[in-house]
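Just final36.cif here, mmCIF, C-alpha atoms and all ligand atoms:
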```cif
data_start
loop_
_atom_site.group_PDB
_atom_site.id
_atom_site.type_symbol
_atom_site.label_atom_id
_atom_site.label_comp_id
_atom_site.auth_asym_id
_atom_site.auth_seq_id
_atom_site.Cartn_x
_atom_site.Cartn_y
_atom_site.Cartn_z
ATOM 1 C CA MET A 1082 71.068 85.316 87.294
ATOM 2 C CA GLY A 1083 70.780 88.514 89.283
ATOM 3 C CA THR A 1084 67.216 87.852 90.294
ATOM 4 C CA LEU A 1085 64.968 86.178 92.817
ATOM 5 C CA ALA A 1086 63.233 82.888 91.984
ATOM 6 C CA THR A 1087 59.858 82.186 93.553
ATOM 7 C CA LEU A 1088 58.007 78.873 93.442
ATOM 8 C CA CYS A 1089 54.397 78.715 94.462
ATOM 9 C CA PHE A 1090 52.284 75.584 94.495
ATOM 10 C CA PRO A 1091 49.381 74.277 96.552
ATOM 11 C CA GLY A 1092 49.976 72.043 99.548
ATOM 12 C CA PRO A 1093 52.688 71.960 102.179
ATOM 13 C CA ALA A 1094 56.107 73.340 101.211
ATOM 14 C CA ASP A 1095 58.316 70.523 99.930
ATOM 15 C CA PRO A 1096 62.032 71.166 100.318
ATOM 16 C CA THR A 1097 62.947 68.316 97.948
ATOM 17 C CA VAL A 1098 61.237 70.210 95.112
ATOM 18 C CA THR A 1099 62.675 73.609 95.990
ATOM 19 C CA GLU A 1100 66.161 72.159 96.418
ATOM 20 C CA ALA A 1101 65.982 70.314 93.099
ATOM 21 C CA VAL A 1102 64.844 73.503 91.356
ATOM 22 C CA ALA A 1103 67.580 75.550 93.049
ATOM 23 C CA ARG A 1104 70.207 73.008 91.935
ATOM 24 C CA THR A 1105 68.966 73.216 88.356
ATOM 25 C CA LEU A 1106 68.964 77.017 88.350
ATOM 26 C CA ARG A 1107 72.422 77.282 89.901
ATOM 27 C CA GLY A 1108 73.763 74.732 87.420
ATOM 28 C CA LEU A 1109 72.424 76.736 84.497
ATOM 29 C CA GLU A 1110 73.712 80.016 85.904
ATOM 30 C CA ARG A 1111 77.155 78.522 86.393
ATOM 31 C CA ARG A 1112 77.332 77.280 82.800
ATOM 32 C CA LEU A 1113 75.710 80.269 81.069
ATOM 33 C CA THR A 1114 76.745 83.420 82.915
ATOM 34 C CA VAL A 1115 78.875 86.085 81.247
ATOM 35 C CA ASN A 1116 78.664 88.469 84.201
ATOM 36 C CA GLY A 1117 80.214 88.808 87.623
ATOM 37 C CA PRO A 1118 83.820 88.371 88.773
ATOM 38 C CA PRO A 1119 86.148 85.926 86.956
ATOM 39 C CA SER A 1120 85.572 83.324 89.680
ATOM 40 C CA ALA A 1121 81.823 83.373 88.917
ATOM 41 C CA ARG A 1122 82.546 82.868 85.216
ATOM 42 C CA ALA A 1123 85.202 80.171 85.541
ATOM 43 C CA ALA A 1124 82.753 77.345 84.840
ATOM 44 C CA SER A 1125 80.752 79.216 82.228
ATOM 45 C CA GLN A 1126 80.676 77.414 78.913
ATOM 46 C CA VAL A 1127 79.481 80.586 77.213
ATOM 47 C CA GLU A 1128 82.537 82.411 78.556
ATOM 48 C CA ALA A 1129 84.720 79.585 77.222
ATOM 49 C CA ILE A 1130 83.218 80.204 73.772
ATOM 50 C CA ASN A 1131 83.836 83.947 74.177
ATOM 51 C CA ALA A 1132 87.414 83.490 75.381
ATOM 52 C CA ALA A 1133 88.210 81.460 72.254
ATOM 53 C CA ALA A 1134 86.637 83.984 69.857
ATOM 54 C CA GLY A 1135 88.577 84.270 66.616
ATOM 55 C CA ARG A 1136 90.459 81.112 67.451
ATOM 56 C CA ALA A 1137 89.059 77.763 68.450
ATOM 57 C CA ALA A 1138 85.748 75.938 68.255
ATOM 58 C CA VAL A 1139 84.667 75.100 71.811
ATOM 59 C CA GLU A 1140 82.764 71.976 72.719
ATOM 60 C CA VAL A 1141 79.922 72.602 75.155
ATOM 61 C CA ASP A 1142 77.404 70.256 76.698
ATOM 62 C CA PRO A 1143 74.397 69.401 74.498
ATOM 63 C CA GLU A 1144 72.010 71.458 76.630
ATOM 64 C CA VAL A 1145 74.140 74.611 76.398
ATOM 65 C CA TYR A 1146 74.674 73.941 72.692
ATOM 66 C CA GLY A 1147 70.918 73.737 72.137
ATOM 67 C CA LEU A 1148 70.319 77.082 73.819
ATOM 68 C CA VAL A 1149 73.206 78.762 71.983
ATOM 69 C CA ARG A 1150 71.864 77.402 68.714
ATOM 70 C CA THR A 1151 68.360 78.698 69.452
ATOM 71 C CA ALA A 1152 69.791 82.122 70.308
ATOM 72 C CA VAL A 1153 72.055 82.354 67.256
ATOM 73 C CA ILE A 1154 69.346 81.235 64.839
ATOM 74 C CA ALA A 1155 66.888 83.730 66.376
ATOM 75 C CA SER A 1156 69.576 86.407 66.060
ATOM 76 C CA ARG A 1157 69.980 85.696 62.354
ATOM 77 C CA GLU A 1158 66.233 85.956 61.871
ATOM 78 C CA HIS A 1159 65.528 88.991 64.085
ATOM 79 C CA ARG A 1160 68.864 90.722 63.877
ATOM 80 C CA ASP A 1161 67.571 94.301 64.194
ATOM 81 C CA SER A 1162 65.820 93.519 67.494
ATOM 82 C CA PHE A 1163 67.235 90.368 69.121
ATOM 83 C CA ASN A 1164 70.932 89.683 68.693
ATOM 84 C CA ALA A 1165 72.715 87.429 71.185
ATOM 85 C CA LEU A 1166 76.038 88.544 69.631
ATOM 86 C CA ILE A 1167 75.438 91.989 71.124
ATOM 87 C CA GLY A 1168 77.744 90.966 74.016
ATOM 88 C CA PRO A 1169 80.648 93.392 73.321
ATOM 89 C CA VAL A 1170 78.238 96.325 73.313
ATOM 90 C CA VAL A 1171 76.409 95.146 76.453
ATOM 91 C CA LYS A 1172 79.775 94.787 78.195
ATOM 92 C CA ALA A 1173 80.828 98.310 77.174
ATOM 93 C CA TRP A 1174 77.699 99.841 78.723
ATOM 94 C CA GLY A 1175 77.812 97.583 81.782
ATOM 95 C CA ILE A 1176 74.292 98.589 82.768
ATOM 96 C CA GLY A 1177 73.263 96.981 86.037
ATOM 97 C CA PHE A 1178 76.891 96.398 87.057
ATOM 98 C CA ASP A 1179 79.709 98.396 88.676
ATOM 99 C CA GLY A 1180 81.416 100.794 86.292
ATOM 100 C CA ALA A 1181 78.371 101.332 84.049
ATOM 101 C CA HIS A 1182 78.921 104.285 81.732
ATOM 102 C CA VAL A 1183 77.925 105.733 78.351
ATOM 103 C CA PRO A 1184 80.494 104.576 75.765
ATOM 104 C CA ASP A 1185 81.565 107.104 73.116
ATOM 105 C CA ASP A 1186 80.288 106.880 69.528
ATOM 106 C CA ALA A 1187 83.553 105.563 68.111
ATOM 107 C CA ALA A 1188 83.696 102.770 70.678
ATOM 108 C CA ILE A 1189 80.108 101.755 69.934
ATOM 109 C CA ALA A 1190 80.717 101.769 66.173
ATOM 110 C CA ALA A 1191 83.813 99.598 66.576
ATOM 111 C CA LEU A 1192 82.014 97.108 68.822
ATOM 112 C CA LEU A 1193 78.983 96.869 66.530
ATOM 113 C CA SER A 1194 81.250 95.403 63.855
ATOM 114 C CA LEU A 1195 81.767 92.434 66.194
ATOM 115 C CA THR A 1196 78.079 91.499 66.431
ATOM 116 C CA ASP A 1197 77.343 89.663 63.184
ATOM 117 C CA PRO A 1198 75.424 86.436 63.987
ATOM 118 C CA GLU A 1199 76.465 85.036 60.594
ATOM 119 C CA GLU A 1200 80.040 84.908 61.900
ATOM 120 C CA VAL A 1201 79.247 82.086 64.308
ATOM 121 C CA GLU A 1202 80.115 78.547 63.283
ATOM 122 C CA MET A 1203 78.111 75.778 64.926
ATOM 123 C CA ASP A 1204 78.601 72.040 64.548
ATOM 124 C CA ASP A 1205 75.513 70.090 65.605
ATOM 125 C CA ALA A 1206 77.263 66.731 65.533
ATOM 126 C CA ARG A 1207 80.092 67.788 67.849
ATOM 127 C CA SER A 1208 78.230 70.462 69.897
ATOM 128 C CA THR A 1209 80.944 72.990 69.118
ATOM 129 C CA VAL A 1210 80.663 76.739 68.698
ATOM 130 C CA ARG A 1211 83.238 79.094 67.215
ATOM 131 C CA LEU A 1212 82.930 82.873 67.124
ATOM 132 C CA GLY A 1213 84.565 84.090 63.920
ATOM 133 C CA ARG A 1214 86.517 87.083 65.201
ATOM 134 C CA PRO A 1215 88.452 88.060 68.322
ATOM 135 C CA GLY A 1216 86.383 90.299 70.552
ATOM 136 C CA MET A 1217 83.043 88.708 69.626
ATOM 137 C CA ARG A 1218 80.924 87.796 72.670
ATOM 138 C CA LEU A 1219 77.782 85.748 73.075
ATOM 139 C CA ASP A 1220 75.321 87.044 75.689
ATOM 140 C CA LEU A 1221 72.312 84.825 76.376
ATOM 141 C CA GLY A 1222 70.865 87.298 78.901
ATOM 142 C CA ALA A 1223 67.729 87.938 76.864
ATOM 143 C CA ILE A 1224 66.599 84.294 76.877
ATOM 144 C CA ALA A 1225 68.483 82.557 79.694
ATOM 145 C CA LYS A 1226 65.943 83.354 82.388
ATOM 146 C CA GLY A 1227 63.115 82.132 80.180
ATOM 147 C CA TYR A 1228 65.006 78.924 79.469
ATOM 148 C CA ALA A 1229 65.778 78.467 83.166
ATOM 149 C CA ALA A 1230 62.104 78.983 84.048
ATOM 150 C CA ASP A 1231 61.126 76.243 81.570
ATOM 151 C CA ARG A 1232 63.654 73.863 83.116
ATOM 152 C CA ALA A 1233 62.443 74.753 86.627
ATOM 153 C CA ALA A 1234 58.921 73.809 85.548
ATOM 154 C CA ASP A 1235 60.221 70.489 84.175
ATOM 155 C CA VAL A 1236 61.834 69.733 87.534
ATOM 156 C CA CYS A 1237 58.573 70.533 89.353
ATOM 157 C CA ARG A 1238 56.631 68.225 87.027
ATOM 158 C CA GLU A 1239 59.192 65.430 87.556
ATOM 159 C CA HIS A 1240 58.441 65.790 91.273
ATOM 160 C CA GLY A 1241 54.717 65.400 90.677
ATOM 161 C CA VAL A 1242 53.782 69.069 90.898
ATOM 162 C CA GLU A 1243 50.921 69.547 88.449
ATOM 163 C CA GLY A 1244 49.857 73.089 89.153
ATOM 164 C CA GLY A 1245 51.987 75.982 90.262
ATOM 165 C CA LEU A 1246 53.602 79.292 89.498
ATOM 166 C CA ILE A 1247 57.289 79.866 88.917
ATOM 167 C CA ASP A 1248 58.558 83.424 88.824
ATOM 168 C CA LEU A 1249 62.127 84.083 87.764
ATOM 169 C CA GLY A 1250 62.351 87.845 88.011
ATOM 170 C CA GLY A 1251 59.424 88.604 85.726
ATOM 171 C CA ASN A 1252 59.627 85.374 83.742
ATOM 172 C CA VAL A 1253 56.539 83.565 84.974
ATOM 173 C CA VAL A 1254 55.556 79.990 84.146
ATOM 174 C CA ALA A 1255 51.948 79.125 84.918
ATOM 175 C CA MET A 1256 51.863 75.349 85.288
ATOM 176 C CA GLY A 1257 48.481 73.706 84.893
ATOM 177 C CA ARG A 1258 45.636 75.339 86.750
ATOM 178 C CA SER A 1259 45.450 77.079 90.078
ATOM 179 C CA ASP A 1260 44.450 75.217 93.223
ATOM 180 C CA VAL A 1261 40.848 76.348 92.739
ATOM 181 C CA GLY A 1262 40.730 74.782 89.269
ATOM 182 C CA VAL A 1263 40.828 77.892 87.126
ATOM 183 C CA PRO A 1264 43.667 79.370 85.064
ATOM 184 C CA TRP A 1265 46.285 81.333 86.968
ATOM 185 C CA GLN A 1266 46.008 85.098 86.989
ATOM 186 C CA VAL A 1267 49.445 86.542 86.331
ATOM 187 C CA GLY A 1268 49.998 90.179 87.263
ATOM 188 C CA ILE A 1269 51.443 92.644 84.770
ATOM 189 C CA GLN A 1270 53.955 94.851 86.558
ATOM 190 C CA SER A 1271 53.202 98.546 86.243
ATOM 191 C CA PRO A 1272 56.241 100.180 84.623
ATOM 192 C CA PHE A 1273 55.365 103.375 86.486
ATOM 193 C CA ASP A 1274 55.189 102.061 90.048
ATOM 194 C CA VAL A 1275 57.171 100.077 92.562
ATOM 195 C CA ARG A 1276 57.709 96.379 92.008
ATOM 196 C CA GLY A 1277 54.618 94.380 92.838
ATOM 197 C CA GLU A 1278 52.198 97.088 91.705
ATOM 198 C CA VAL A 1279 50.205 95.579 88.842
ATOM 199 C CA LEU A 1280 48.252 97.255 86.045
ATOM 200 C CA GLY A 1281 46.161 94.194 85.455
ATOM 201 C CA THR A 1282 46.280 90.439 85.081
ATOM 202 C CA VAL A 1283 46.366 87.954 82.269
ATOM 203 C CA SER A 1284 44.937 84.466 82.695
ATOM 204 C CA ALA A 1285 47.364 81.695 81.814
ATOM 205 C CA GLN A 1286 47.398 77.919 81.880
ATOM 206 C CA ASP A 1287 50.436 75.852 80.841
ATOM 207 C CA GLU A 1288 51.968 78.998 79.429
ATOM 208 C CA SER A 1289 54.576 81.548 80.239
ATOM 209 C CA VAL A 1290 54.134 85.276 80.785
ATOM 210 C CA VAL A 1291 57.306 87.363 80.447
ATOM 211 C CA THR A 1292 57.733 91.094 80.875
ATOM 212 C CA SER A 1293 60.645 93.191 79.666
ATOM 213 C CA GLY A 1294 60.582 96.788 80.788
ATOM 214 C CA VAL A 1295 62.824 99.794 80.409
ATOM 215 C CA TYR A 1296 62.660 100.216 84.192
ATOM 216 C CA GLU A 1297 64.457 96.983 85.124
ATOM 217 C CA ARG A 1298 68.141 97.867 85.058
ATOM 218 C CA VAL A 1299 69.035 101.477 84.501
ATOM 219 C CA LEU A 1300 71.996 103.797 84.410
ATOM 220 C CA GLU A 1301 71.383 107.486 85.101
ATOM 221 C CA VAL A 1302 73.856 110.009 83.742
ATOM 222 C CA GLY A 1303 73.256 113.753 83.593
ATOM 223 C CA GLY A 1304 69.515 113.373 84.086
ATOM 224 C CA LYS A 1305 69.215 110.798 81.282
ATOM 225 C CA ARG A 1306 68.129 107.245 81.930
ATOM 226 C CA TYR A 1307 69.613 104.334 79.998
ATOM 227 C CA HIS A 1308 68.171 100.832 80.292
ATOM 228 C CA HIS A 1309 69.606 97.397 79.616
ATOM 229 C CA MET A 1310 68.014 96.446 76.302
ATOM 230 C CA ILE A 1311 70.316 97.452 73.473
ATOM 231 C CA ASP A 1312 69.160 98.276 69.960
ATOM 232 C CA PRO A 1313 71.414 96.060 67.796
ATOM 233 C CA LEU A 1314 71.366 98.663 65.010
ATOM 234 C CA THR A 1315 72.551 101.651 67.067
ATOM 235 C CA GLY A 1316 74.349 99.979 69.970
ATOM 236 C CA ARG A 1317 72.359 102.190 72.344
ATOM 237 C CA PRO A 1318 69.342 101.338 74.503
ATOM 238 C CA PHE A 1319 66.110 101.094 72.518
ATOM 239 C CA GLN A 1320 64.409 104.462 72.558
ATOM 240 C CA THR A 1321 60.768 104.043 71.653
ATOM 241 C CA ASP A 1322 57.323 104.888 72.967
ATOM 242 C CA LEU A 1323 57.274 101.604 74.928
ATOM 243 C CA ALA A 1324 57.727 101.351 78.698
ATOM 244 C CA SER A 1325 57.200 97.585 78.799
ATOM 245 C CA VAL A 1326 56.042 94.581 76.829
ATOM 246 C CA THR A 1327 54.462 91.497 78.367
ATOM 247 C CA VAL A 1328 54.510 88.412 76.159
ATOM 248 C CA VAL A 1329 52.482 85.210 76.519
ATOM 249 C CA ALA A 1330 53.679 82.031 74.781
ATOM 250 C CA ALA A 1331 53.686 78.283 75.364
ATOM 251 C CA SER A 1332 57.302 78.277 76.519
ATOM 252 C CA SER A 1333 59.153 80.806 78.640
ATOM 253 C CA THR A 1334 62.195 80.669 76.340
ATOM 254 C CA LYS A 1335 59.999 81.811 73.471
ATOM 255 C CA ALA A 1336 58.178 84.422 75.552
ATOM 256 C CA ASP A 1337 61.510 85.834 76.789
ATOM 257 C CA LEU A 1338 62.872 85.981 73.237
ATOM 258 C CA TRP A 1339 59.778 87.790 72.018
ATOM 259 C CA ALA A 1340 59.750 90.209 74.952
ATOM 260 C CA THR A 1341 63.038 91.512 73.528
ATOM 261 C CA ILE A 1342 62.023 91.331 69.841
ATOM 262 C CA ALA A 1343 58.828 93.276 70.580
ATOM 263 C CA GLN A 1344 60.788 96.243 72.006
ATOM 264 C CA ALA A 1345 62.239 97.238 68.639
ATOM 265 C CA GLY A 1346 60.519 99.949 66.663
ATOM 266 C CA GLY A 1347 58.026 100.792 69.386
ATOM 267 C CA LEU A 1348 54.333 100.032 69.715
ATOM 268 C CA ASP A 1349 53.304 99.918 66.047
ATOM 269 C CA GLU A 1350 56.241 97.839 64.867
ATOM 270 C CA GLY A 1351 56.238 95.548 67.916
ATOM 271 C CA PHE A 1352 52.494 94.983 67.591
ATOM 272 C CA ARG A 1353 52.898 94.125 63.908
ATOM 273 C CA ARG A 1354 55.725 91.665 64.562
ATOM 274 C CA VAL A 1355 53.949 89.892 67.407
ATOM 275 C CA SER A 1356 50.711 89.698 65.394
ATOM 276 C CA GLU A 1357 52.542 88.018 62.521
ATOM 277 C CA ALA A 1358 54.294 85.499 64.779
ATOM 278 C CA TYR A 1359 52.750 82.124 65.516
ATOM 279 C CA GLY A 1360 51.823 81.362 69.125
ATOM 280 C CA VAL A 1361 52.818 84.720 70.610
ATOM 281 C CA GLU A 1362 50.540 87.343 72.168
ATOM 282 C CA ALA A 1363 51.519 90.545 73.919
ATOM 283 C CA VAL A 1364 50.423 93.513 75.997
ATOM 284 C CA PHE A 1365 52.247 96.754 75.210
ATOM 285 C CA ILE A 1366 52.424 99.625 77.679
ATOM 286 C CA THR A 1367 53.582 102.995 76.376
ATOM 287 C CA HIS A 1368 55.311 105.774 78.298
ATOM 288 C CA ASP A 1369 52.116 107.828 78.191
ATOM 289 C CA GLY A 1370 50.171 104.991 79.813
ATOM 290 C CA SER A 1371 48.349 103.439 76.845
ATOM 291 C CA ILE A 1372 47.796 99.701 77.175
ATOM 292 C CA VAL A 1373 47.409 97.778 73.919
ATOM 293 C CA ALA A 1374 46.893 94.006 73.674
ATOM 294 C CA THR A 1375 47.052 91.761 70.607
ATOM 295 C CA PRO A 1376 43.582 90.377 69.737
ATOM 296 C CA GLY A 1377 44.306 86.888 71.083
ATOM 297 C CA LEU A 1378 44.801 88.297 74.574
ATOM 298 C CA GLU A 1379 41.958 90.744 74.846
ATOM 299 C CA ALA A 1380 39.476 88.301 76.369
ATOM 300 C CA ARG A 1381 42.082 87.091 78.887
ATOM 301 C CA LEU A 1382 43.235 90.465 80.097
ATOM 302 C CA THR A 1383 41.722 92.123 83.147
ATOM 303 C CA LEU A 1384 42.811 95.710 83.718
ATOM 304 C CA ARG A 1385 42.742 97.480 87.063
ATOM 305 C CA SER A 1386 40.476 100.466 86.752
ATOM 306 C CA ALA A 1387 42.526 103.631 87.295
HETATM 307 P P1 LIG B 1 65.753 90.709 79.147
HETATM 308 O O1 LIG B 1 66.032 90.728 80.619
HETATM 309 O O2 LIG B 1 65.140 89.445 78.672
HETATM 310 O O3 LIG B 1 65.034 91.927 78.682
HETATM 311 O O4 LIG B 1 67.200 90.691 78.428
HETATM 312 C C1 LIG B 1 68.100 91.750 78.608
HETATM 313 C C2 LIG B 1 69.520 91.224 78.581
HETATM 314 O O5 LIG B 1 69.807 90.650 77.311
HETATM 315 C C3 LIG B 1 70.530 92.334 78.765
HETATM 316 O O6 LIG B 1 70.890 92.473 80.106
HETATM 317 C C4 LIG B 1 71.698 91.885 77.896
HETATM 318 O O7 LIG B 1 72.497 90.952 78.595
HETATM 319 C C5 LIG B 1 71.018 91.157 76.756
HETATM 320 N N1 LIG B 1 70.611 92.020 75.624
HETATM 321 C C6 LIG B 1 70.464 93.375 75.606
HETATM 322 N N2 LIG B 1 70.002 93.794 74.416
HETATM 323 C C7 LIG B 1 69.823 92.671 73.665
HETATM 324 C C8 LIG B 1 69.345 92.442 72.328
HETATM 325 N N3 LIG B 1 68.928 93.436 71.540
HETATM 326 N N4 LIG B 1 69.297 91.168 71.890
HETATM 327 C C9 LIG B 1 69.700 90.141 72.685
HETATM 328 N N5 LIG B 1 70.151 90.293 73.923
HETATM 329 C C10 LIG B 1 70.208 91.539 74.435
HETATM 330 MG MG MG B 2 64.029 88.693 76.994
#
```

Could the structure of this file be written out as C-alpha cells, please?
Amino acid sequence: MGTLATLCFPGPADPTVTEAVARTLRGLERRLTVNGPPSARAASQVEAINAAAGRAAVEVDPEVYGLVRTAVIASREHRDSFNALIGPVVKAWGIGFDGAHVPDDAAIAALLSLTDPEEVEMDDARSTVRLGRPGMRLDLGAIAKGYAADRAADVCREHGVEGGLIDLGGNVVAMGRSDVGVPWQVGIQSPFDVRGEVLGTVSAQDESVVTSGVYERVLEVGGKRYHHMIDPLTGRPFQTDLASVTVVAASSTKADLWATIAQAGGLDEGFRRVSEAYGVEAVFITHDGSIVATPGLEARLTLRSA
C-alpha cells in the first residue's frame, strides 16, 4: 500500500501476531491495489472490475465486494468530496508514481465524464460489480488503508492482544487502553515539519485517528505543488486553506473516508460537514497554522505550546 505498517503492544514481541497481520495486509493489498506494475495488479479484484468496465459484471470475494459497496455508496452520498470513481483522473495525474504530470484541461474534462458513481451496478446476492462505461476506474485508495488497519486490529484481537497501537501510514488504530491503563495519546503530524514532528496529541481508546494532509504525496512542476487528493468537481487537487485534517471515529475505514470528505471546501465547509456527521470528530490545520477542533474533541486534544 506504499506505506509502512507499525504494530506496538505491551509485552515481548510476538512474531505469530506480526506475521498474521502482515499476511492479512499483503492479502488485502494484492486484491485491492490499482497501482504498480501489471505483475503487482494481476491478482487485484479491483483491477479485474476496472478491466471489464463497460462490458462485464465481475464477481469478487464477499470482503472486497463489501468494501467496494461501502465506497460506491459513500461516493453517491458525498460525490463532491469523496468519489471512488475518480480513478481515471487519479491515473492521469499519477501523483506519487513515475511519470506524474499535470494533465491538460481537455483531458481532465474528458476523464471527469467517466466518474459518475451512479453508473456502477452492484449485485449483493452475487457479489458482482459492473462499471457502466469503458474507461471507468474504481480507486479505493482513500479508504483502503483505513479498512486494512481495522482488519489488522481484528487479527491482533484474535491473537489475544487487548491493547495496542497500529499505524498504517497515518491511519492509526488505538486498541483498548495503553499499558499504563489510560487512553492512548496519538500524535497529530505537523503538516509543516518532517515526519514524526507532532503539533499535539489526541487521546483515543478503541478508536481510529486518521490524518490526510496535502504534504503526503506531491508533484512539483514549475514551482507549483500538487498533492494526491483530487477534487471530484474540478479533477485537480483540492485547493483550500487546509494543510491537513485529522479525523477520529470508531472505525478506521470511517475515519479514512471522512479525512477525505473533510478536505473539500476548506475549513468552514469541512468543519460544518464533520459537525453534522454522526460519530466523527476532527482537527483541522490551515496553511497559516490555525488549529481548529470540533467541540467533541476539544477536551481530548493536547497541543504542543509553540
Ligand atoms: P488518502 O490517502 O486517504 O488521503 O487517499 C488518497 C488516495 O485516494 C489518492 O491517492 C487516490 O488514490 C484516491 N483519491 C484521490 N482523491 C480522491 C477523492 N476525492 N475521493 C476518493 N478517492 C480519492
Ligand atoms: Mg482517506

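Between atom O6 of ligand LIG 1 (chain B) and atom CA of A:Ala1374 lies a distance of 24.9 Å.
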
Near ligand LIG 1 (chain B), 8 Å: chain A residue rows, closest pairs, only C-alpha atoms and all ligand atoms, as CSV:
```
residue,atom,partner,partner_atom,distance
A:Ser1156,CA,B:LIG1,N4,7.5
A:Asp1161,CA,B:LIG1,N3,7.5
A:Ser1162,CA,B:LIG1,N3,5.1
A:Phe1163,CA,B:LIG1,N4,3.5
A:Asn1164,CA,B:LIG1,N4,3.9
A:Ala1165,CA,B:LIG1,C9,4.3
A:Leu1166,CA,B:LIG1,C9,7.2
A:Ile1167,CA,B:LIG1,C7,6.2
A:Gly1168,CA,B:LIG1,O7,7.0
A:Val1171,CA,B:LIG1,C4,5.9
A:Ile1176,CA,B:LIG1,O6,7.5
A:Gly1177,CA,B:LIG1,O6,7.8
A:Asp1220,CA,B:LIG1,O7,5.6
A:Leu1221,CA,B:LIG1,N5,6.4
A:Gly1222,CA,B:LIG1,O5,3.9
A:Ala1223,CA,B:LIG1,O4,3.2
A:Ile1224,CA,B:LIG1,O2,5.6
A:Ala1225,CA,B:LIG1,O2,7.7
A:Lys1226,CA,B:LIG1,O2,7.2
A:Gly1227,CA,B:LIG1,O2,7.7
A:Thr1292,CA,B:LIG1,O3,7.7
A:Ser1293,CA,B:LIG1,O3,4.7
A:Gly1294,CA,B:LIG1,O3,6.9
A:Glu1297,CA,B:LIG1,O1,7.9
A:Arg1298,CA,B:LIG1,O6,7.8
A:His1309,CA,B:LIG1,O6,5.1
A:Met1310,CA,B:LIG1,N2,3.8
A:Ile1311,CA,B:LIG1,N2,3.8
A:Asp1312,CA,B:LIG1,N3,5.1
A:Pro1313,CA,B:LIG1,N3,5.2
A:Pro1318,CA,B:LIG1,N2,7.6
A:Asp1337,CA,B:LIG1,O2,5.5
A:Leu1338,CA,B:LIG1,O2,6.8
A:Ala1340,CA,B:LIG1,O2,6.6
A:Thr1341,CA,B:LIG1,O3,5.5
A:Ile1342,CA,B:LIG1,N3,7.4
```

Selected by the PyMOL selection byres (((chain A and resi 1375) around 12) and not hetatm) in the shown coordinates: which residues, as a PDB file with C-alpha atoms, in the coordinates of the input?
```pdb
ATOM      1  CA  VAL A1326      56.042  94.581  76.829  1.00  0.00           C
ATOM      2  CA  THR A1327      54.462  91.497  78.367  1.00  0.00           C
ATOM      3  CA  VAL A1328      54.510  88.412  76.159  1.00  0.00           C
ATOM      4  CA  VAL A1329      52.482  85.210  76.519  1.00  0.00           C
ATOM      5  CA  ALA A1343      58.828  93.276  70.580  1.00  0.00           C
ATOM      6  CA  LEU A1348      54.333 100.032  69.715  1.00  0.00           C
ATOM      7  CA  ASP A1349      53.304  99.918  66.047  1.00  0.00           C
ATOM      8  CA  GLY A1351      56.238  95.548  67.916  1.00  0.00           C
ATOM      9  CA  PHE A1352      52.494  94.983  67.591  1.00  0.00           C
ATOM     10  CA  ARG A1353      52.898  94.125  63.908  1.00  0.00           C
ATOM     11  CA  ARG A1354      55.725  91.665  64.562  1.00  0.00           C
ATOM     12  CA  VAL A1355      53.949  89.892  67.407  1.00  0.00           C
ATOM     13  CA  SER A1356      50.711  89.698  65.394  1.00  0.00           C
ATOM     14  CA  GLU A1357      52.542  88.018  62.521  1.00  0.00           C
ATOM     15  CA  ALA A1358      54.294  85.499  64.779  1.00  0.00           C
ATOM     16  CA  GLY A1360      51.823  81.362  69.125  1.00  0.00           C
ATOM     17  CA  VAL A1361      52.818  84.720  70.610  1.00  0.00           C
ATOM     18  CA  GLU A1362      50.540  87.343  72.168  1.00  0.00           C
ATOM     19  CA  ALA A1363      51.519  90.545  73.919  1.00  0.00           C
ATOM     20  CA  VAL A1364      50.423  93.513  75.997  1.00  0.00           C
ATOM     21  CA  PHE A1365      52.247  96.754  75.210  1.00  0.00           C
ATOM     22  CA  ILE A1366      52.424  99.625  77.679  1.00  0.00           C
ATOM     23  CA  ILE A1372      47.796  99.701  77.175  1.00  0.00           C
ATOM     24  CA  VAL A1373      47.409  97.778  73.919  1.00  0.00           C
ATOM     25  CA  ALA A1374      46.893  94.006  73.674  1.00  0.00           C
ATOM     26  CA  PRO A1376      43.582  90.377  69.737  1.00  0.00           C
ATOM     27  CA  GLY A1377      44.306  86.888  71.083  1.00  0.00           C
ATOM     28  CA  LEU A1378      44.801  88.297  74.574  1.00  0.00           C
ATOM     29  CA  GLU A1379      41.958  90.744  74.846  1.00  0.00           C
ATOM     30  CA  ALA A1380      39.476  88.301  76.369  1.00  0.00           C
ATOM     31  CA  ARG A1381      42.082  87.091  78.887  1.00  0.00           C
ATOM     32  CA  LEU A1382      43.235  90.465  80.097  1.00  0.00           C
TER      33      LEU A1382
END
```

Coordinates-based distance that separates atom CA of A:Lys1172 from atom CA of A:Ile1189 (Å, one decimal): 10.8 Å

A:Val1290, A:Leu1088, A:Val1263, A:Val1141: which is nearest ligand MG 2 (chain B), counting all atoms listed in the file?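 Residue with the minimum atom-to-atom distance to ligand MG 2 (chain B): A:Val1290.
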
Selection result of the PyMOL selection byres (((chain A and resi 1249-1256) around 7) and not hetatm) on this file, as an MDAnalysis selection string: chainID A and resid 1084:1087 1226:1227 1230 1243:1248 1257:1258 1265 1285:1292 1333

Which residues, named as in the file, does the PyMOL selection byres (((chain A and resi 1203) around 10) and not hetatm) pick out? Answer as a PyMOL selection string. chain A and resi 1138-1140+1146+1149-1150+1153+1200-1202+1204-1212

Would you export the selected residues with C-alpha atoms as a short mmCIF file (atom, residue, chain, number, x, y, z; two decimals), in the frame of the given file, please?
```
data_model
loop_
_atom_site.label_atom_id
_atom_site.label_comp_id
_atom_site.auth_asym_id
_atom_site.auth_seq_id
_atom_site.Cartn_x
_atom_site.Cartn_y
_atom_site.Cartn_z
CA ALA A 1138 85.75 75.94 68.26
CA VAL A 1139 84.67 75.10 71.81
CA GLU A 1140 82.76 71.98 72.72
CA TYR A 1146 74.67 73.94 72.69
CA VAL A 1149 73.21 78.76 71.98
CA ARG A 1150 71.86 77.40 68.71
CA VAL A 1153 72.06 82.35 67.26
CA GLU A 1200 80.04 84.91 61.90
CA VAL A 1201 79.25 82.09 64.31
CA GLU A 1202 80.11 78.55 63.28
CA ASP A 1204 78.60 72.04 64.55
CA ASP A 1205 75.51 70.09 65.60
CA ALA A 1206 77.26 66.73 65.53
CA ARG A 1207 80.09 67.79 67.85
CA SER A 1208 78.23 70.46 69.90
CA THR A 1209 80.94 72.99 69.12
CA VAL A 1210 80.66 76.74 68.70
CA ARG A 1211 83.24 79.09 67.22
CA LEU A 1212 82.93 82.87 67.12
#
```
